[in-house]
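A.B. asks: The structure file my_file.tsv (TSV, C-alpha atoms) is provided below.
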chain	number	residue	atom	x	y	z
K	49	MET	CA	26.97	-0.75	4.11
K	50	THR	CA	27.37	0.88	0.70
K	51	ASP	CA	29.85	3.42	-0.56
K	52	VAL	CA	28.41	5.63	-3.27
K	53	ALA	CA	30.61	7.98	-5.30
K	54	GLU	CA	28.83	11.00	-6.72
K	55	ARG	CA	30.07	14.04	-8.62
K	56	PRO	CA	29.34	17.42	-7.07
K	57	LEU	CA	26.00	18.72	-8.26
K	58	ARG	CA	25.98	21.87	-10.34
K	59	ASN	CA	23.04	24.22	-10.04
K	60	ASP	CA	22.24	27.87	-9.50
K	61	LEU	CA	21.27	27.66	-5.83
K	62	GLY	CA	24.42	29.33	-4.64
K	63	PRO	CA	27.67	28.00	-3.21
K	64	GLU	CA	26.21	27.33	0.23
K	65	LEU	CA	23.85	24.71	-1.27
K	66	LEU	CA	26.41	22.86	-3.34
K	67	GLU	CA	27.66	19.48	-2.24
K	68	PRO	CA	31.20	19.96	-0.86
K	69	ALA	CA	33.67	19.44	-3.70
K	70	ASN	CA	36.29	17.96	-1.39
K	71	HIS	CA	33.90	15.29	-0.16
K	72	ALA	CA	33.08	13.31	-3.30
K	73	THR	CA	32.89	9.91	-1.57
K	74	LEU	CA	29.69	9.46	0.38
K	75	SER	CA	29.45	6.79	3.08
K	76	GLN	CA	25.88	5.69	3.65
K	77	SER	CA	23.81	2.74	4.81
K	78	GLY	CA	20.65	1.37	3.31
K	79	ALA	CA	19.41	1.81	-0.24
K	80	ALA	CA	21.77	3.20	-2.89
K	81	GLN	CA	19.15	5.74	-4.07
K	82	PHE	CA	18.70	7.24	-0.58
K	83	PRO	CA	21.47	9.88	-0.99
K	84	GLY	CA	19.74	11.23	-4.11
K	85	LEU	CA	16.48	11.48	-2.19
K	86	VAL	CA	18.18	13.29	0.69
K	87	TRP	CA	19.87	15.75	-1.64
K	88	ALA	CA	16.62	16.44	-3.51
K	89	HIS	CA	14.80	17.08	-0.23
K	90	PHE	CA	17.58	19.36	1.01
K	91	ARG	CA	17.49	21.50	-2.15
K	92	TRP	CA	13.70	21.74	-2.05
K	93	GLU	CA	13.69	22.55	1.67
K	94	ARG	CA	15.99	25.53	1.08
K	95	GLU	CA	13.79	26.97	-1.67
K	96	ARG	CA	10.24	26.00	-0.72
K	97	HIS	CA	9.57	29.07	1.45
K	98	GLY	CA	10.31	31.34	-1.48
K	99	LYS	CA	7.26	30.09	-3.45
K	100	ASN	CA	8.98	30.62	-6.76
K	101	GLN	CA	9.12	28.53	-9.90
K	102	ARG	CA	12.44	26.99	-8.88
K	103	ALA	CA	10.86	25.69	-5.67
K	104	ASP	CA	8.06	24.02	-7.66
K	105	GLU	CA	10.57	22.25	-9.89
K	106	LEU	CA	12.58	21.06	-6.91
K	107	GLU	CA	9.42	19.83	-5.19
K	108	ARG	CA	8.44	17.78	-8.23
K	109	GLU	CA	11.94	16.34	-8.42
K	110	TYR	CA	11.84	15.42	-4.73
K	111	LEU	CA	8.38	13.82	-4.98
K	112	THR	CA	9.47	11.83	-8.03
K	113	LYS	CA	12.52	10.49	-6.20
K	114	LEU	CA	10.40	9.78	-3.11
K	115	ALA	CA	7.87	7.77	-5.13
K	116	HIS	CA	10.63	5.76	-6.79
K	117	PHE	CA	12.37	5.18	-3.45
K	118	GLN	CA	9.18	3.98	-1.74
K	119	LYS	CA	8.34	1.72	-4.66
K	120	GLU	CA	11.70	-0.02	-4.30
K	121	GLU	CA	12.20	0.05	-0.53
K	122	GLY	CA	8.72	0.32	0.97
K	123	GLU	CA	6.85	3.00	2.85
K	124	LEU	CA	8.97	5.74	4.43
K	125	GLU	CA	7.55	5.30	7.92
K	126	GLN	CA	9.87	7.56	9.92
K	127	VAL	CA	12.52	10.04	8.81
K	128	TYR	CA	14.67	12.76	10.33
K	129	TRP	CA	15.88	15.41	7.88
K	130	SER	CA	18.84	17.63	8.72
K	131	THR	CA	18.27	21.28	7.79
K	132	ARG	CA	21.90	22.41	8.00
K	133	LYS	CA	23.38	19.82	5.63
K	134	ALA	CA	22.05	17.23	3.19
K	135	SER	CA	21.82	14.47	5.80
K	136	ALA	CA	19.03	12.25	7.09
K	137	VAL	CA	18.16	8.98	8.82
K	138	ALA	CA	15.02	7.05	7.92
K	139	MET	CA	13.17	3.77	8.43
K	140	THR	CA	11.22	2.04	5.66
K	141	VAL	CA	8.73	-0.81	5.96
K	142	LYS	CA	8.01	-3.02	2.97
K	143	ARG	CA	4.76	-4.87	3.56
K	144	GLU	CA	4.50	-8.60	2.94
K	145	PRO	CA	2.09	-9.73	0.17
K	146	ARG	CA	-1.53	-8.93	1.02
K	147	ALA	CA	-2.93	-12.45	0.57
K	148	ARG	CA	-0.19	-13.98	2.67
K	149	ARG	CA	-0.61	-11.33	5.38
K	150	HIS	CA	-4.39	-11.86	5.70
K	151	TRP	CA	-4.06	-15.66	5.74
K	152	GLN	CA	-1.41	-15.66	8.46
K	153	ARG	CA	-3.07	-13.04	10.64
K	154	GLY	CA	-6.45	-14.72	10.24
K	155	LEU	CA	-5.07	-17.97	11.62
K	156	ARG	CA	-2.76	-16.16	14.10
K	157	LEU	CA	0.10	-18.42	13.03
K	158	ARG	CA	3.00	-16.00	13.41
K	159	GLU	CA	4.15	-12.39	13.36
K	160	HIS	CA	3.86	-10.40	10.14
K	161	ASP	CA	7.02	-10.63	8.04
K	162	ASP	CA	7.38	-7.05	6.84
K	163	VAL	CA	10.86	-5.99	5.71
K	164	VAL	CA	12.20	-3.16	7.89
K	165	HIS	CA	15.34	-1.24	6.91
K	166	LEU	CA	17.25	1.74	8.25
K	167	HIS	CA	18.81	4.24	5.84
K	168	ARG	CA	21.36	6.89	6.67
K	169	VAL	CA	23.28	9.68	4.94
K	170	SER	CA	25.26	11.74	7.43
K	171	ASP	CA	28.85	12.36	6.32
K	172	TRP	CA	27.98	15.88	5.15
K	173	VAL	CA	27.21	16.84	8.73
K	174	THR	CA	29.44	14.50	10.76
K	175	ARG	CA	32.67	14.56	8.75
K	176	ASP	CA	34.29	16.81	11.39
K	177	ALA	CA	32.93	14.73	14.31
K	178	PRO	CA	34.59	11.29	14.02
K	179	ALA	CA	33.34	9.98	17.38
K	180	ILE	CA	29.71	10.54	16.39
K	181	ALA	CA	30.34	9.15	12.91
K	182	ASP	CA	31.77	5.96	14.45
K	183	LEU	CA	28.75	5.62	16.72
K	184	LEU	CA	26.39	5.98	13.76
K	185	GLN	CA	28.37	3.23	12.05
K	186	GLU	CA	27.83	0.96	15.08
K	187	CYS	CA	24.10	1.68	14.88
K	188	ASP	CA	24.11	0.57	11.25
K	189	LEU	CA	25.93	-2.68	12.07
K	190	LEU	CA	23.47	-3.48	14.85
K	191	SER	CA	20.52	-2.72	12.54
K	192	ILE	CA	21.86	-5.34	10.10
K	193	ARG	CA	21.84	-7.98	12.85
K	194	VAL	CA	18.38	-6.94	14.00
K	195	GLY	CA	16.98	-7.10	10.47
K	196	GLU	CA	18.41	-10.56	9.83
K	197	VAL	CA	17.40	-12.20	13.13
K	198	LEU	CA	14.29	-10.53	14.57
K	199	ARG	CA	10.80	-10.47	13.13
K	200	GLY	CA	7.54	-8.68	13.83
K	201	THR	CA	7.06	-6.50	16.90
K	202	SER	CA	10.52	-7.04	18.41
K	203	GLU	CA	12.18	-6.05	15.12
K	204	ARG	CA	10.14	-2.83	14.89
K	205	ILE	CA	10.93	-1.91	18.49
K	206	ALA	CA	14.67	-2.39	17.99
K	207	MET	CA	14.70	-0.54	14.66
K	208	ARG	CA	12.72	2.42	16.01
K	209	TRP	CA	15.04	2.54	19.00
K	210	LEU	CA	18.10	2.61	16.75
K	211	LEU	CA	16.49	5.29	14.59
K	212	ALA	CA	15.86	7.39	17.72
K	213	VAL	CA	19.56	7.14	18.66
K	214	GLU	CA	20.68	8.16	15.16
K	215	ALA	CA	18.17	11.01	15.02
K	216	HIS	CA	19.35	12.30	18.40
K	217	LEU	CA	22.95	12.28	17.17
K	218	LEU	CA	22.04	14.25	14.05
K	219	GLY	CA	19.79	16.55	16.03
K	220	PHE	CA	22.73	17.57	18.19
K	221	PHE	CA	24.27	19.34	15.19
K	222	GLU	CA	20.96	21.08	14.51
K	223	ARG	CA	20.87	22.47	18.03
K	224	GLU	CA	24.39	23.90	17.90
K	225	THR	CA	25.07	27.15	16.07
K	226	HIS	CA	28.68	26.18	15.57
K	227	LEU	CA	30.45	22.87	15.30
K	228	PRO	CA	30.51	21.31	18.81
K	229	ASP	CA	33.87	21.10	20.54
K	230	GLU	CA	35.57	17.79	21.25
K	231	ARG	CA	34.35	17.66	24.85
K	232	ALA	CA	30.70	18.09	23.88
K	233	GLU	CA	31.16	15.50	21.14
K	234	ARG	CA	32.64	12.97	23.57
K	235	GLU	CA	29.87	13.55	26.11
K	236	LEU	CA	27.20	13.04	23.46
K	237	ALA	CA	28.91	9.90	22.12
K	238	ALA	CA	29.26	8.46	25.63
K	239	SER	CA	25.60	9.02	26.54
K	240	GLN	CA	24.30	7.59	23.28
K	241	ARG	CA	26.69	4.64	23.46
K	242	LYS	CA	24.97	3.64	26.70
K	243	GLU	CA	21.63	3.88	24.90
K	244	LEU	CA	23.03	1.76	22.08
K	245	GLY	CA	24.15	-0.79	24.66
K	246	ALA	CA	20.58	-0.97	25.97
K	247	VAL	CA	19.33	-1.59	22.43
K	248	GLU	CA	21.86	-4.39	21.99
K	249	GLN	CA	20.79	-6.01	25.27
K	250	TYR	CA	17.17	-5.93	24.11
K	251	TYR	CA	18.26	-7.45	20.79
K	252	HIS	CA	20.05	-10.32	22.54
K	253	ARG	CA	17.05	-11.09	24.77
K	254	ALA	CA	14.56	-10.98	21.91
K	255	ALA	CA	16.82	-12.89	19.52
K	256	SER	CA	17.49	-15.62	22.08
K	257	LYS	CA	13.76	-16.17	22.59
K	258	ALA	CA	13.08	-16.01	18.86
K	259	GLY	CA	15.84	-18.56	18.20
K	260	ARG	CA	14.31	-20.95	20.71
K	261	ILE	CA	10.90	-20.62	19.11
K	262	VAL	CA	12.38	-21.37	15.68
K	263	TYR	CA	14.22	-24.38	17.13
K	264	VAL	CA	11.01	-25.70	18.75
K	265	THR	CA	9.20	-25.26	15.44
K	266	GLY	CA	11.84	-27.42	13.80
K	267	MET	CA	11.49	-30.05	16.53
K	268	LEU	CA	7.73	-30.20	16.03
K	269	ILE	CA	8.29	-30.71	12.32
K	270	GLY	CA	10.80	-33.43	13.18
K	271	VAL	CA	8.29	-35.13	15.50
K	272	VAL	CA	5.72	-35.22	12.69
K	273	LEU	CA	8.26	-36.70	10.28
K	274	ALA	CA	9.42	-39.21	12.90
K	275	ALA	CA	5.80	-40.19	13.58
K	276	VAL	CA	5.19	-40.76	9.87
K	277	PHE	CA	8.32	-42.91	9.62
K	278	GLY	CA	7.36	-44.85	12.76
K	279	SER	CA	3.85	-45.47	11.42
K	280	LEU	CA	5.31	-46.81	8.18
K	281	LEU	CA	7.67	-49.04	10.17
K	282	GLY	CA	4.81	-50.40	12.26
K	283	LEU	CA	2.72	-51.01	9.14
K	284	VAL	CA	5.57	-52.97	7.52
K	285	LEU	CA	6.01	-55.10	10.65
K	286	TRP	CA	2.28	-55.76	10.81
K	287	GLN	CA	2.08	-56.72	7.15
K	288	ALA	CA	5.05	-59.06	7.63
K	289	HIS	CA	3.28	-60.69	10.63
K	290	LEU	CA	6.20	-59.76	12.90
K	291	TRP	CA	4.32	-57.28	15.06
K	292	SER	CA	3.46	-59.50	18.05
K	293	GLN	CA	5.31	-62.76	17.55
K	294	PRO	CA	6.54	-64.04	20.95
K	295	LYS	CA	10.00	-64.69	19.55
K	296	HIS	CA	10.60	-61.25	18.13
K	297	GLN	CA	8.21	-58.83	19.89
K	298	LEU	CA	9.13	-56.14	17.35
K	299	TYR	CA	6.29	-53.97	18.54
K	300	LEU	CA	8.68	-53.09	21.36
K	301	LEU	CA	11.00	-51.63	18.69
K	302	VAL	CA	8.31	-49.17	17.65
K	303	ILE	CA	7.58	-48.31	21.28
K	304	CYS	CA	11.25	-47.53	21.92
K	305	TYR	CA	11.46	-45.52	18.71
K	306	VAL	CA	8.47	-43.34	19.65
K	307	ALA	CA	9.50	-43.01	23.30
K	308	GLY	CA	13.03	-41.94	22.36
K	309	ALA	CA	11.74	-39.23	20.00
K	310	GLY	CA	9.30	-38.00	22.64
K	311	GLY	CA	12.03	-37.93	25.27
K	312	ALA	CA	14.23	-35.76	23.05
K	313	LEU	CA	11.38	-33.28	22.50
K	314	VAL	CA	10.49	-33.06	26.19
K	315	SER	CA	14.17	-32.70	27.15
K	316	ALA	CA	14.74	-29.70	24.88
K	317	MET	CA	11.51	-27.97	25.90
K	318	SER	CA	12.14	-28.50	29.61
K	319	ARG	CA	15.60	-27.01	29.28
K	320	MET	CA	14.12	-23.97	27.54
K	321	SER	CA	11.77	-23.39	30.47
K	322	LYS	CA	14.69	-22.96	32.85
K	323	ILE	CA	15.39	-19.38	33.82
K	324	GLU	CA	19.02	-19.97	34.78
K	325	GLN	CA	21.57	-18.67	32.31
K	326	GLY	CA	23.18	-21.37	30.22
K	327	ARG	CA	20.53	-24.08	30.55
K	328	PHE	CA	19.80	-24.04	26.83
K	329	ASN	CA	21.95	-21.85	24.62
K	330	ILE	CA	21.33	-21.31	20.93
K	331	ASP	CA	23.46	-19.32	18.54
K	332	PHE	CA	20.51	-17.38	17.13
K	333	GLU	CA	22.67	-15.66	14.51
K	334	LEU	CA	23.11	-18.95	12.65
K	335	GLY	CA	19.92	-18.05	10.80
K	336	ARG	CA	16.37	-19.31	10.97
K	337	PRO	CA	16.64	-22.04	8.28
K	338	LEU	CA	19.65	-23.66	9.95
K	339	LEU	CA	18.14	-23.47	13.44
K	340	ARG	CA	14.96	-25.04	12.10
K	341	ARG	CA	16.93	-27.88	10.50
K	342	LEU	CA	18.79	-28.53	13.75
K	343	GLY	CA	15.44	-28.78	15.50
K	344	VAL	CA	14.17	-31.26	12.90
K	345	PHE	CA	17.11	-33.57	13.58
K	346	ARG	CA	16.68	-33.60	17.39
K	347	PRO	CA	13.71	-36.07	17.61
K	348	PHE	CA	15.46	-38.43	15.21
K	349	VAL	CA	18.54	-38.46	17.46
K	350	GLY	CA	16.34	-39.44	20.41
K	351	ALA	CA	14.59	-42.09	18.31
K	352	ILE	CA	17.95	-43.60	17.33
K	353	PHE	CA	18.93	-43.77	21.00
K	354	GLY	CA	15.64	-45.52	21.72
K	355	VAL	CA	16.16	-48.09	18.97
K	356	ALA	CA	19.75	-48.71	20.10
K	357	LEU	CA	18.52	-49.25	23.65
K	358	TYR	CA	15.92	-51.78	22.42
K	359	CYS	CA	18.62	-53.74	20.60
K	360	LEU	CA	20.80	-53.65	23.71
K	361	LEU	CA	18.06	-54.90	26.04
K	362	GLU	CA	16.93	-57.61	23.63
K	363	SER	CA	20.49	-58.87	23.18
K	364	GLY	CA	20.73	-59.87	26.86
K	365	ILE	CA	24.16	-58.26	27.29
K	366	LEU	CA	23.05	-56.39	30.42
K	367	ASP	CA	21.40	-59.52	31.88
K	368	ILE	CA	18.19	-57.76	32.90
K	369	SER	CA	15.10	-59.89	33.39
K	370	VAL	CA	11.68	-58.31	33.05
K	371	SER	CA	8.33	-60.10	33.05
K	372	PRO	CA	6.60	-60.14	29.64
K	373	ASP	CA	3.65	-58.16	31.00
K	374	HIS	CA	5.92	-55.33	32.16
K	375	LYS	CA	8.23	-55.28	29.15
K	376	PRO	CA	6.38	-52.57	27.14
K	377	TYR	CA	6.43	-50.21	30.12
K	378	TYR	CA	10.04	-50.94	31.01
K	379	TYR	CA	11.28	-50.62	27.44
K	380	GLY	CA	9.21	-47.53	26.77
K	381	PHE	CA	10.33	-45.69	29.91
K	382	THR	CA	13.98	-46.63	29.44
K	383	ALA	CA	13.89	-45.47	25.82
K	384	PHE	CA	12.26	-42.22	26.93
K	385	LEU	CA	15.12	-41.68	29.41
K	386	ALA	CA	17.64	-42.40	26.64
K	387	GLY	CA	16.07	-39.71	24.44
K	388	PHE	CA	15.60	-37.33	27.37
K	389	SER	CA	19.14	-37.60	28.74
K	390	GLU	CA	22.07	-38.27	26.46
K	391	ARG	CA	24.19	-38.83	29.56
K	392	PHE	CA	21.90	-41.69	30.64
K	393	ALA	CA	22.19	-43.29	27.20
K	394	LEU	CA	25.98	-42.99	27.28
K	395	VAL	CA	26.15	-44.62	30.73
K	396	VAL	CA	24.06	-47.57	29.50
K	397	MET	CA	26.18	-47.91	26.36
K	398	SER	CA	29.34	-47.73	28.49
K	399	SER	CA	28.09	-50.61	30.66
K	400	ALA	CA	27.45	-52.68	27.55
K	401	GLU	CA	30.91	-51.88	26.24
K	402	THR	CA	32.43	-53.07	29.50
K	403	ARG	CA	30.58	-56.41	29.33
K	404	LEU	CA	31.71	-56.86	25.74
K	405	GLY	CA	35.35	-56.58	26.83
K	406	GLY	CA	35.98	-52.96	25.86
K	407	SER	CA	37.93	-50.33	27.73
K	408	GLY	CA	34.99	-49.32	29.85
K	409	GLY	CA	33.98	-46.34	27.74
K	410	THR	CA	33.62	-42.90	29.11
K	411	LYS	CA	33.57	-42.66	32.87
K	412	SER	CA	30.77	-40.82	34.54
K	413	THR	CA	32.02	-37.68	36.21
K	414	GLY	CA	30.17	-35.17	38.28
K	415	SER	CA	26.53	-34.33	38.02
K	416	ALA	CA	24.36	-34.28	34.94
K	417	PRO	CA	25.27	-31.60	32.44
K	418	THR	CA	23.37	-28.37	32.74
K	419	GLU	CA	23.96	-26.90	29.31
K	420	GLN	CA	23.02	-27.95	25.83
K	421	GLN	CA	24.80	-26.07	23.09
K	422	VAL	CA	23.20	-26.04	19.65
Please re-express this file's structure in structure tokens.
C.D. replies:
Amino acid sequence: MTDVAERPLRNDLGPELLEPANHATLSQSGAAQFPGLVWAHFRWERERHGKNQRADELEREYLTKLAHFQKEEGELEQVYWSTRKASAVAMTVKREPRARRHWQRGLRLREHDDVVHLHRVSDWVTRDAPAIADLLQECDLLSIRVGEVLRGTSERIAMRWLLAVEAHLLGFFERETHLPDERAERELAASQRKELGAVEQYYHRAASKAGRIVYVTGMLIGVVLAAVFGSLLGLVLWQAHLWSQPKHQLYLLVICYVAGAGGALVSAMSRMSKIEQGRFNIDFELGRPLLRRLGVFRPFVGAIFGVALYCLLESGILDISVSPDHKPYYYGFTAFLAGFSERFALVVMSSAETRLGGSGGTKSTGSAPTEQQV
């Protein structure tokens, strides 16, 4: 949101076209130059049917401001101009770089990353209708969240929906010959608030799915990094001739490392596939970079559990005997379970703590947890 203070314009269009002198502070959302564009369009709209020299000058002024506005903010894709007062709502789309757009769409890697913004100037028409002005403010706040979280098709749908709500609110003043009474204002605000609630529900559904996709992308990046690190570890063990020595059997360490990372990946993705509410919740408004980083860390957490489980089994604390031929399968599956279920890993660690003379660790209570909060 931006507050822009402007002096009343002075011209020879008559008092009915002057900006109200008692309303010098203009509350608007979007680009700072949008109020100037709206005022230029309003002045031209009032004179353009006269086909006089003044109308030509105002048209050139409007087109100049429009060109400058679109150069800075992107193409003016949709706009609703008020004819009674200098007010408008608009949506601009700033295209991503051409080379980047063709490369991404050619490979079908992801949605286009155009920048979509809503712009509004409405206080000149809504200053005597506070309920509608408050609702327009709520639309602006929701558009900020949509623009920061959503991308591609879902962002355009939500933005166009919000623009339709704002245009309907402004259009109500165009349809009335006089200022609507308080009852009509309340009825309009109530009906459009329900529509705004539907937009917000759509935003939450789309943002939740988008957040999960970003998180999975981070996990896949983490798996690649974990695989590179595991390959380097295996190469070091092989070069040191420790890979398959009967005394050490360090190849089992690599197996547990890989199985733990894979278990963490499968665990997160299986939780995402659940339809029940609360199976896998992500705060999608944390931002894409942070969600992606959290996803990168997840395979490493599972790999650490796998390595810890290998050390525990090799130490003999749990007194588990497994034949040498079955050890790779036993260690690998157990490490996978440790990465897949943190509760399973904690139970195993608690048993080891008990044998070492600790307090018994955390007791197991109830069933396995059904929610993972990121």
A.B. asks: If we count only C-alpha atoms and set the cut-off at 7 Å, which residues sit around Val127 in chain K, ignoring sequence neighbours fewer than 5 positions away in its own chain? Please answer as a PyMOL selection string.
C.D. replies: chain K and resi 137-139
A.B. asks: What is the distance between CA of Ser369 in chain K and CA of Ser315 in chain K, in Å to one decimal?
C.D. replies: 27.9 Å
A.B. asks: Just how far from CA of Thr201 in chain K is CA of Val262 in chain K, in Å to one decimal?
C.D. replies: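 Separation between CA of Val262 in chain K and CA of Thr201 in chain K: 15.8 Å.
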A.B. asks: From the list K:Ala136, K:Leu339, K:Leu218, K:Ala383, which residue is nearest Cys359 in chain K when using all atoms listed in the file?
C.D. replies: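 Checking each of K:Ala136, K:Leu339, K:Leu218, K:Ala383 against Cys359 in chain K, counting all atoms listed in the file, the winner is K:Ala383.
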A.B. asks: Quick one: residues within 12 Å of range 109-112 of chain K, all atoms listed in the file counted, chain neighbours fewer than 4 positions away excluded, as a PyMOL selection string?
C.D. replies: chain K and resi 82-93+96+102-105+116-119
A.B. asks: Considering all atoms listed in the file, state which residue in the set K:Ala212, K:Leu360, K:Ala177, K:Leu166 is at the smallest distance from Leu190 in chain K.
C.D. replies: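 Selected residue with least distance to Leu190 in chain K: K:Leu166.
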A.B. asks: Using all atoms listed in the file, give me every residue within 10 Å of (10.4, -39.5, 20.0) in file coordinates, as a ChimeraX atom specification.
C.D. replies: /K:270-272,274-275,278,303-314,346-354,383-384,387-388
A.B. asks: Using all atoms listed in the file, can you tell me which of K:Met207, K:Ala316, K:Leu280, K:Ala215 comes closest to Ser170 in chain K?
C.D. replies: K:Ala215
A.B. asks: Between CA of Leu301 in chain K and CA of Val395 in chain K, what is the distance in Å, rounded to a tenth?
C.D. replies: 20.6 Å
A.B. asks: Closest to Ser389 in chain K among K:Arg253, K:Arg319, K:Glu230, K:Ala80, using only C-alpha atoms?
C.D. replies: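 Checking each of K:Arg253, K:Arg319, K:Glu230, K:Ala80 against Ser389 in chain K, counting only C-alpha atoms, the winner is K:Arg319.
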